[in-house]
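Heads up, the thing below is written out as structure tokens.
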Amino acid sequence: MSARERDVVVVGAGVVGAAIARELTRFALDVVLLEAGPDVGAGTSKANTALLHTGFDAKPGTLEARLVRRGCELLGAYAARVGIPVQRTGALLVAWDDEQLAALPGIAATARENGHDDLREVAAAELSAREPHLGPGARGALEVPGESIVCPFTPPLAFATEAVLAGCELRRETPVVGVERLMRGGYAVHVPGGPIRTRFLVNAAGLRSDEIHRMAGFGGFTVTPRRGELIVFDKLARPLVSHILLAVPTQTTKGVLISPTVFGNVMLGPTADDLEDKTATGSTREGLARLRAEAARIMPALLDHEVTAVYAGLRAATEHVDYRIEVDGDAGYACAGGIRSTGLSASMAIAEHVREQLGAAGLALAPRPESELPALRMPNLGEAFPRPYAQAERIAADPEYGRVVCFCERVTRGEVRDALASPIPPSDLDGLRRRTRALMGRCQGFACGANVAALLESGRV
Amino acid sequence: MTGPVVVVGAGPAGLAAAIALRGRGVADVIVLEREREAGGIPRHADHRGFGARDLRRLLSGPAYARRYAELARAAGAEIRTEATVTGWTVDGALEVTAPEGRATIAAATVVLATGCRERPRAARLVPGSRPEGVMTTSTLQQLVHLQHRRVGTRAVVAGAEHVSFSAVATLAESGAETVAIVTEAPRHQSFAAFRAGATLRYRAPLHTRTRIAAIHGRGRVEAVDLEDVDTGATRRVACDTVVFTADWIPEHELAVLGGVALDPGTRGPVVDTALRTSRRGVFAAGNLDHGAEAADVAALGGRHAGGAAAAFLTDGAWPARVPVEVAPPLHWIAPNAIAPPAGPPPRGRFALRAHAFLRAPTIGVAQDGRTLWRGRLRALQPGRSATLPAGWVAAVDPAGGPIRVRVLAARTRE
């Protein structure tokens, strides 16, 4: 066992774990961030609905309601600072029948309880004027002005990059195989290559958070993966939709939504199917057929457009309604589990909450001087601001930003080079895609797949 | 009209257009190509059979691509590579990104020759996981012929058109065995010799009425489920590579961004017999108009558009047009508009496609109930064009309604 005792080991470099690692490295702490998968944000965090929720529809009084609201503010401000694409499109929660129409005032009342007073009912005529491509039969809507679309890939990378630049040790492809609580306090976290000794252990293992929880000697929840399948439509469909179009929720799901993306596409989804297999991230014919049937009702014109991508993500649902965020001060253990579909929105608030709880549990939190902390600026992947290919000055200063390698997404060689030289370089094509958008477009590599693969390989040398 | 003539895309169609423009004495012809080399798809289609109908010789794809680039340069066209056209300004100029800088080019005339692509796996809604090892023919050819890399050992090929058998050959060259060629159609859509070659030379079994129901694997492809579309029976086939072939769609984004109207069948611009689009001063040629024809057919379209663009610089004519519409089981016709006084289309004929396999179909062309042409073709089949004679275009009434092309009688082949 390594002689060095760490202050905190964070298990899981999804958006929540990365946010916690970042939050802790704001203080004079020795932090290790462990990720079982090949990359930061490569599990559930890469396959969400890419929305920055206000939390208007959360169950009032829950931790989730509070943390989503706070997290939305924190991530909104952080995004502006480090360059994470966010567009405040607002949402329209559309009612399609009498029952749904009658549910809208109740949803608005819930929102008020959650501190959101700006919701407003929109009549059918106004709705069809604002979203002219909605299918026939939309009866009215509730407008939620604060709901935003966000790049799902940049936040975990930004958090982890800041953490790493501030001294956090990130280990990818490092699954935790055992957790040993030591007699003198703290833990030995068993990973391939030898155990890591730590005073505090933070479990942000997402789908596997229940397993880590049990390894650490706790119980009380089980993760049941809830699969959500999504379809991304071609950029030429983008003019069809202006807002996030939400469904009136049911007991089990928030329903299928249609939303613009910050990359300029249109997204349709998600489905919601409870599974047992935590690795079942494949799409299904039934799921895709269900989504297309929903689109035929909500926005038929969408189906005339080409499909660019299909993916599925697994929400880490538990038997509990609320998040499973627990801190055991005596044990030096924190768990941030059961975070289903609001993890991205709440991530920074979850991190803040966990840090406060750990502080109360005896983790010394001496703030580090600002001068030690990096001023991070992430590459802009969104369409709301000019990207390198459209920036004359940038190309003049560095012609590599004028060499487009992925034509559909207009990703330049300069951006690929930057990603390969970044503090957390991609280890595979999927990682490069999340950092640059290369291969994310309509041709899915028809034109550039071989060239991009060669660039990745050359950058690995 | 001032400024250069800009051709977007240096594949066979774009280069042939540039050559034709220079041949008609147009001084300033610029070809913008986003790739590092001119030549288009044939650059990596490393097999023989290119150039029969346009250059009157048989070349390999790469040799054909080089030859066209040489001819265009020799003709005095300026080819700019690594120059990506990303859109249009409000004034109609082209926005271009290149290592030399971000620029706008105000063109006197634009010829769009942006080609087409194969629909990738996602666009075909093939479910399952998303491992590496899933690609289109183009990616496969670039990996093997341009980068000399190995792609895998056991491949399943989706599609049974010419390009699908070309993919089988490329896989074999890279050391990969094709364990199945699958098509939902009742038969392959290529030459008998290609299909026989796949069986005899590469021992690649063809499964008709079969589709890929799911892809499995984490990290790398491990297997696919093949489903009999008639019985629903499914079996798992181990493989590490899946190649999605054919199912072409025009690369029409730049056209759409420029406000050019698309044909619902071809999904390319609506073009008249002079390959004029709905936007004055903008022509469209090659496989942007009809995904996909052979390279020489695309080039002859480019040559045709180049000549028409040169004529437009002189006469400025952009006549009103009458649409040409097809009814099922026809899929599309190209060109798909008539702008009287109309000349003949490229190669003096229309390309016609069907969704179904039809033997000896009788085709009727009519305007407002008046028959313009009626005749029998040998056969129609998905993925391959039949040609329709064009003598009737002179009889189109410019003030009349749409021209309707229908199958009047046919035997279906099963």
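The chains in the structure tokens are called A, B, ... from first to last as shown; in each chain the residues are counted from 1, and the ligands are counted from 1 in the order shown.
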Write out as CSV the residues of chain A that have any atom within 8 Å of an atom of chain B, one row each with the nearest atom pair and its distance in Å to one decimal, counting only C-alpha atoms, sorted by chain and then rising number.
residue,atom,partner,partner_atom,distance
A:Leu236,CA,B:Glu253,CA,7.5
A:Ala280,CA,B:Ser129,CA,7.9
A:Thr281,CA,B:Ser129,CA,6.2
A:Gly282,CA,B:Ser129,CA,3.9
A:Ser283,CA,B:Gly128,CA,4.8
A:Thr284,CA,B:Pro127,CA,5.0
A:Arg285,CA,B:Pro127,CA,5.8
A:Leu288,CA,B:Leu125,CA,7.6
A:Glu306,CA,B:Ala123,CA,6.2
A:Val307,CA,B:Ala123,CA,4.5
A:Thr308,CA,B:Ala123,CA,5.8
A:Ala309,CA,B:Ala122,CA,5.0
A:Val310,CA,B:Ala122,CA,5.7
A:Tyr311,CA,B:Arg130,CA,7.8
A:Tyr389,CA,B:Thr97,CA,6.2
A:Ala390,CA,B:Arg102,CA,6.7
A:Gln391,CA,B:Arg102,CA,7.1
A:Ala392,CA,B:Arg102,CA,5.0
A:Ile395,CA,B:Gly101,CA,5.6
A:Ala396,CA,B:Gly101,CA,5.8
A:Pro399,CA,B:Pro99,CA,4.5
A:Glu400,CA,B:Pro99,CA,6.3
A:Tyr401,CA,B:Pro99,CA,7.0
A:Gly402,CA,B:Pro99,CA,4.1
A:Arg403,CA,B:Pro99,CA,5.3
A:Val404,CA,B:Thr84,CA,6.9
A:Phe407,CA,B:Thr84,CA,7.6
A:Cys443,CA,B:Pro120,CA,6.4
A:Gln444,CA,B:Pro120,CA,6.2
A:Gly445,CA,B:Thr139,CA,6.6
A:Phe446,CA,B:Thr139,CA,5.2
A:Ala447,CA,B:Thr139,CA,6.7
A:Cys448,CA,B:Thr139,CA,7.4
A:Gly449,CA,B:Thr139,CA,5.8
A:Ala450,CA,B:Leu143,CA,5.3
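Here the DSSP assignment of strand (DSSP E), based on backbone atoms, applies within range 98-180 of chain B to Ala98, Gly101, Arg102, Ala103, Thr104, Ile105, Thr109, Val110, Val111, Leu112, Cys116, Arg117, Glu118, Val134, Met135, Thr136, Arg154, Ala155, Val156, Val157, Ala158, Glu177, Thr178, Val179 and Ala180 of chain B.
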For the residues in the current selection, export N, CA and C atoms as a PDB file, in the first residue's frame.
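Listed below is the output, again-v8.pdb:
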ATOM      1  N   ALA B  98     -10.696  28.381 -44.803  1.00  0.00           N
ATOM      2  CA  ALA B  98      -9.511  27.704 -45.326  1.00  0.00           C
ATOM      3  C   ALA B  98      -8.329  28.101 -44.452  1.00  0.00           C
ATOM      4  N   GLY B 101      -7.450  31.608 -44.477  1.00  0.00           N
ATOM      5  CA  GLY B 101      -8.297  32.570 -43.779  1.00  0.00           C
ATOM      6  C   GLY B 101      -9.764  32.323 -44.010  1.00  0.00           C
ATOM      7  N   ARG B 102     -10.547  33.106 -43.323  1.00  0.00           N
ATOM      8  CA  ARG B 102     -11.998  33.089 -43.480  1.00  0.00           C
ATOM      9  C   ARG B 102     -12.330  34.163 -44.505  1.00  0.00           C
ATOM     10  N   ALA B 103     -13.062  33.801 -45.548  1.00  0.00           N
ATOM     11  CA  ALA B 103     -13.310  34.752 -46.624  1.00  0.00           C
ATOM     12  C   ALA B 103     -14.728  34.608 -47.132  1.00  0.00           C
ATOM     13  N   THR B 104     -15.192  35.628 -47.816  1.00  0.00           N
ATOM     14  CA  THR B 104     -16.435  35.503 -48.563  1.00  0.00           C
ATOM     15  C   THR B 104     -16.112  35.712 -50.040  1.00  0.00           C
ATOM     16  N   ILE B 105     -16.761  34.932 -50.875  1.00  0.00           N
ATOM     17  CA  ILE B 105     -16.550  35.054 -52.312  1.00  0.00           C
ATOM     18  C   ILE B 105     -17.889  35.360 -52.968  1.00  0.00           C
ATOM     19  N   THR B 109     -21.810  33.171 -60.683  1.00  0.00           N
ATOM     20  CA  THR B 109     -22.632  31.973 -60.776  1.00  0.00           C
ATOM     21  C   THR B 109     -22.017  30.920 -59.865  1.00  0.00           C
ATOM     22  N   VAL B 110     -22.864  30.096 -59.304  1.00  0.00           N
ATOM     23  CA  VAL B 110     -22.374  29.017 -58.444  1.00  0.00           C
ATOM     24  C   VAL B 110     -22.837  27.685 -59.027  1.00  0.00           C
ATOM     25  N   VAL B 111     -21.929  26.736 -59.098  1.00  0.00           N
ATOM     26  CA  VAL B 111     -22.311  25.363 -59.440  1.00  0.00           C
ATOM     27  C   VAL B 111     -22.076  24.513 -58.190  1.00  0.00           C
ATOM     28  N   LEU B 112     -23.153  24.010 -57.626  1.00  0.00           N
ATOM     29  CA  LEU B 112     -23.028  23.139 -56.463  1.00  0.00           C
ATOM     30  C   LEU B 112     -22.778  21.715 -56.948  1.00  0.00           C
ATOM     31  N   CYS B 116     -22.829  13.181 -52.592  1.00  0.00           N
ATOM     32  CA  CYS B 116     -23.793  12.507 -51.731  1.00  0.00           C
ATOM     33  C   CYS B 116     -23.037  11.635 -50.737  1.00  0.00           C
ATOM     34  N   ARG B 117     -23.783  11.100 -49.809  1.00  0.00           N
ATOM     35  CA  ARG B 117     -23.161  10.222 -48.814  1.00  0.00           C
ATOM     36  C   ARG B 117     -24.074   9.017 -48.573  1.00  0.00           C
ATOM     37  N   GLU B 118     -23.516   7.983 -48.001  1.00  0.00           N
ATOM     38  CA  GLU B 118     -24.317   6.839 -47.608  1.00  0.00           C
ATOM     39  C   GLU B 118     -24.943   7.127 -46.254  1.00  0.00           C
ATOM     40  N   VAL B 134     -18.223   0.197 -36.699  1.00  0.00           N
ATOM     41  CA  VAL B 134     -19.393   0.397 -37.562  1.00  0.00           C
ATOM     42  C   VAL B 134     -19.083   1.568 -38.491  1.00  0.00           C
ATOM     43  N   MET B 135     -19.205   1.344 -39.796  1.00  0.00           N
ATOM     44  CA  MET B 135     -18.807   2.401 -40.723  1.00  0.00           C
ATOM     45  C   MET B 135     -19.572   2.298 -42.036  1.00  0.00           C
ATOM     46  N   THR B 136     -19.395   3.325 -42.870  1.00  0.00           N
ATOM     47  CA  THR B 136     -19.933   3.304 -44.230  1.00  0.00           C
ATOM     48  C   THR B 136     -18.811   2.868 -45.181  1.00  0.00           C
ATOM     49  N   ARG B 154     -13.820 -10.019 -39.298  1.00  0.00           N
ATOM     50  CA  ARG B 154     -15.105 -10.589 -39.741  1.00  0.00           C
ATOM     51  C   ARG B 154     -16.109  -9.464 -39.892  1.00  0.00           C
ATOM     52  N   ALA B 155     -16.621  -9.317 -41.114  1.00  0.00           N
ATOM     53  CA  ALA B 155     -17.491  -8.175 -41.382  1.00  0.00           C
ATOM     54  C   ALA B 155     -18.865  -8.620 -41.865  1.00  0.00           C
ATOM     55  N   VAL B 156     -19.850  -7.830 -41.503  1.00  0.00           N
ATOM     56  CA  VAL B 156     -21.190  -7.962 -42.089  1.00  0.00           C
ATOM     57  C   VAL B 156     -21.435  -6.701 -42.907  1.00  0.00           C
ATOM     58  N   VAL B 157     -21.908  -6.900 -44.145  1.00  0.00           N
ATOM     59  CA  VAL B 157     -22.145  -5.781 -45.053  1.00  0.00           C
ATOM     60  C   VAL B 157     -23.649  -5.612 -45.223  1.00  0.00           C
ATOM     61  N   ALA B 158     -24.144  -4.412 -44.953  1.00  0.00           N
ATOM     62  CA  ALA B 158     -25.565  -4.114 -45.154  1.00  0.00           C
ATOM     63  C   ALA B 158     -25.729  -3.446 -46.506  1.00  0.00           C
ATOM     64  N   GLU B 177     -12.782 -10.986 -43.627  1.00  0.00           N
ATOM     65  CA  GLU B 177     -13.716 -11.876 -44.289  1.00  0.00           C
ATOM     66  C   GLU B 177     -15.120 -11.275 -44.170  1.00  0.00           C
ATOM     67  N   THR B 178     -15.882 -11.311 -45.250  1.00  0.00           N
ATOM     68  CA  THR B 178     -17.281 -10.876 -45.174  1.00  0.00           C
ATOM     69  C   THR B 178     -18.125 -12.099 -44.854  1.00  0.00           C
ATOM     70  N   VAL B 179     -18.713 -12.115 -43.668  1.00  0.00           N
ATOM     71  CA  VAL B 179     -19.452 -13.310 -43.240  1.00  0.00           C
ATOM     72  C   VAL B 179     -20.913 -13.251 -43.671  1.00  0.00           C
ATOM     73  N   ALA B 180     -21.389 -12.064 -44.036  1.00  0.00           N
ATOM     74  CA  ALA B 180     -22.759 -11.962 -44.544  1.00  0.00           C
ATOM     75  C   ALA B 180     -22.938 -10.646 -45.282  1.00  0.00           C
TER      76      ALA B 180
END
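CA of Thr266 in chain B lies 26.6 Å from CA of Pro132 in chain A.
Atom pair CA of Val221 in chain B / CA of Arg236 in chain B: separated by 12.4 Å.
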Would you mind listing what lies within 10 Å of range 381-383 of chain B as a ChimeraX atom specification, with only C-alpha atoms counted and same-chain residues fewer than 4 positions away left out? /B:159-162,185,187-190,246-248,291-293,329-331,352-359,412-413
For the selection you just gave me, I'd like the residues written to a file as a compact mmCIF listing (two decimals), in the first residue's frame, keeping C-alpha atoms.
# COMPACT_ATOMS: atom_id res chain seq x y z
CA GLY B 159 -26.80 -3.51 -48.70
CA ALA B 160 -26.43 -5.43 -51.96
CA GLU B 161 -25.81 -2.76 -54.57
CA HIS B 162 -22.68 -2.18 -56.65
CA ALA B 185 -34.82 -6.54 -50.86
CA ARG B 187 -32.60 -9.87 -54.52
CA HIS B 188 -29.33 -8.04 -54.94
CA GLN B 189 -29.27 -4.88 -57.06
CA SER B 190 -25.93 -5.17 -58.74
CA ALA B 246 -25.47 2.45 -50.42
CA ASP B 247 -28.74 4.13 -49.26
CA TRP B 248 -27.39 7.38 -50.65
CA GLY B 291 -27.60 9.82 -55.10
CA ALA B 292 -25.81 7.86 -56.43
CA GLU B 293 -24.87 7.36 -60.03
CA PRO B 329 -43.81 2.73 -56.98
CA LEU B 330 -41.55 5.26 -58.69
CA HIS B 331 -39.10 6.84 -56.26
CA LEU B 352 -35.66 7.10 -63.12
CA ARG B 353 -35.76 5.07 -59.91
CA ALA B 354 -38.36 2.84 -58.31
CA HIS B 355 -38.95 1.46 -54.83
CA ALA B 356 -39.86 -1.96 -56.25
CA PHE B 357 -38.51 -4.50 -58.73
CA LEU B 358 -40.57 -4.11 -61.90
CA ARG B 359 -40.19 -6.02 -65.12
CA THR B 412 -43.43 -7.38 -60.44
CA ARG B 413 -40.45 -9.66 -60.07
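As for CA of Thr261 in chain A and CA of Leu230 in chain A, they are spaced 12.4 Å apart.
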So that I can check the surroundings of range 139-152 of chain A, please list as a PyMOL selection string every protein, DNA and RNA residue that reaches within 6 Å of it, counting only C-alpha atoms and ignoring chain neighbours fewer than 5 positions away. chain A and resi 50-54+85-96+119-124
File dump, residues just selected, N, CA and C atoms, as a PDB file, in the first residue's frame:
ATOM      1  N   ALA A  50     -29.518  16.801 -21.933  1.00  0.00           N
ATOM      2  CA  ALA A  50     -28.805  18.048 -22.213  1.00  0.00           C
ATOM      3  C   ALA A  50     -29.623  19.287 -21.865  1.00  0.00           C
ATOM      4  N   LEU A  51     -30.349  19.186 -20.749  1.00  0.00           N
ATOM      5  CA  LEU A  51     -31.130  20.333 -20.294  1.00  0.00           C
ATOM      6  C   LEU A  51     -30.563  20.841 -18.977  1.00  0.00           C
ATOM      7  N   LEU A  52     -30.604  22.157 -18.823  1.00  0.00           N
ATOM      8  CA  LEU A  52     -30.289  22.763 -17.531  1.00  0.00           C
ATOM      9  C   LEU A  52     -31.629  23.133 -16.901  1.00  0.00           C
ATOM     10  N   HIS A  53     -32.050  22.272 -15.973  1.00  0.00           N
ATOM     11  CA  HIS A  53     -33.369  22.417 -15.371  1.00  0.00           C
ATOM     12  C   HIS A  53     -33.354  23.459 -14.263  1.00  0.00           C
ATOM     13  N   THR A  54     -34.483  24.145 -14.139  1.00  0.00           N
ATOM     14  CA  THR A  54     -34.634  25.048 -12.997  1.00  0.00           C
ATOM     15  C   THR A  54     -35.061  24.282 -11.757  1.00  0.00           C
ATOM     16  N   PRO A  85     -21.415  25.917 -23.315  1.00  0.00           N
ATOM     17  CA  PRO A  85     -22.578  26.441 -24.042  1.00  0.00           C
ATOM     18  C   PRO A  85     -23.883  26.225 -23.281  1.00  0.00           C
ATOM     19  N   VAL A  86     -24.596  27.321 -23.062  1.00  0.00           N
ATOM     20  CA  VAL A  86     -25.936  27.287 -22.474  1.00  0.00           C
ATOM     21  C   VAL A  86     -26.795  28.263 -23.267  1.00  0.00           C
ATOM     22  N   GLN A  87     -27.985  27.846 -23.629  1.00  0.00           N
ATOM     23  CA  GLN A  87     -28.920  28.767 -24.272  1.00  0.00           C
ATOM     24  C   GLN A  87     -30.231  28.722 -23.506  1.00  0.00           C
ATOM     25  N   ARG A  88     -30.650  29.903 -23.077  1.00  0.00           N
ATOM     26  CA  ARG A  88     -31.896  29.970 -22.314  1.00  0.00           C
ATOM     27  C   ARG A  88     -33.067  30.066 -23.294  1.00  0.00           C
ATOM     28  N   THR A  89     -33.489  28.913 -23.751  1.00  0.00           N
ATOM     29  CA  THR A  89     -34.592  28.876 -24.720  1.00  0.00           C
ATOM     30  C   THR A  89     -35.945  28.980 -24.029  1.00  0.00           C
ATOM     31  N   GLY A  90     -35.997  28.615 -22.743  1.00  0.00           N
ATOM     32  CA  GLY A  90     -37.280  28.477 -22.067  1.00  0.00           C
ATOM     33  C   GLY A  90     -37.966  27.196 -22.512  1.00  0.00           C
ATOM     34  N   ALA A  91     -38.917  26.760 -21.694  1.00  0.00           N
ATOM     35  CA  ALA A  91     -39.641  25.526 -22.017  1.00  0.00           C
ATOM     36  C   ALA A  91     -41.123  25.806 -22.105  1.00  0.00           C
ATOM     37  N   LEU A  92     -41.797  25.015 -22.924  1.00  0.00           N
ATOM     38  CA  LEU A  92     -43.251  25.017 -22.975  1.00  0.00           C
ATOM     39  C   LEU A  92     -43.722  23.609 -22.626  1.00  0.00           C
ATOM     40  N   LEU A  93     -44.465  23.515 -21.541  1.00  0.00           N
ATOM     41  CA  LEU A  93     -44.988  22.220 -21.115  1.00  0.00           C
ATOM     42  C   LEU A  93     -46.376  22.097 -21.750  1.00  0.00           C
ATOM     43  N   VAL A  94     -46.469  21.247 -22.761  1.00  0.00           N
ATOM     44  CA  VAL A  94     -47.631  21.274 -23.653  1.00  0.00           C
ATOM     45  C   VAL A  94     -48.704  20.285 -23.190  1.00  0.00           C
ATOM     46  N   ALA A  95     -49.937  20.761 -23.134  1.00  0.00           N
ATOM     47  CA  ALA A  95     -51.084  19.911 -22.789  1.00  0.00           C
ATOM     48  C   ALA A  95     -51.813  19.522 -24.068  1.00  0.00           C
ATOM     49  N   TRP A  96     -52.142  18.223 -24.165  1.00  0.00           N
ATOM     50  CA  TRP A  96     -52.756  17.711 -25.400  1.00  0.00           C
ATOM     51  C   TRP A  96     -54.206  17.292 -25.197  1.00  0.00           C
ATOM     52  N   LEU A 119     -43.681  31.189 -13.953  1.00  0.00           N
ATOM     53  CA  LEU A 119     -44.396  30.349 -14.916  1.00  0.00           C
ATOM     54  C   LEU A 119     -45.700  31.022 -15.322  1.00  0.00           C
ATOM     55  N   ARG A 120     -46.148  30.705 -16.546  1.00  0.00           N
ATOM     56  CA  ARG A 120     -47.318  31.412 -17.078  1.00  0.00           C
ATOM     57  C   ARG A 120     -48.033  30.478 -18.032  1.00  0.00           C
ATOM     58  N   GLU A 121     -49.337  30.531 -17.992  1.00  0.00           N
ATOM     59  CA  GLU A 121     -50.089  29.687 -18.922  1.00  0.00           C
ATOM     60  C   GLU A 121     -50.173  30.357 -20.289  1.00  0.00           C
ATOM     61  N   VAL A 122     -50.058  29.543 -21.314  1.00  0.00           N
ATOM     62  CA  VAL A 122     -50.073  30.038 -22.688  1.00  0.00           C
ATOM     63  C   VAL A 122     -51.265  29.384 -23.393  1.00  0.00           C
ATOM     64  N   ALA A 123     -52.117  30.205 -23.974  1.00  0.00           N
ATOM     65  CA  ALA A 123     -53.316  29.673 -24.643  1.00  0.00           C
ATOM     66  C   ALA A 123     -52.938  29.040 -25.982  1.00  0.00           C
ATOM     67  N   ALA A 124     -53.865  28.234 -26.497  1.00  0.00           N
ATOM     68  CA  ALA A 124     -53.590  27.460 -27.709  1.00  0.00           C
ATOM     69  C   ALA A 124     -53.142  28.337 -28.875  1.00  0.00           C
TER      70      ALA A 124
END
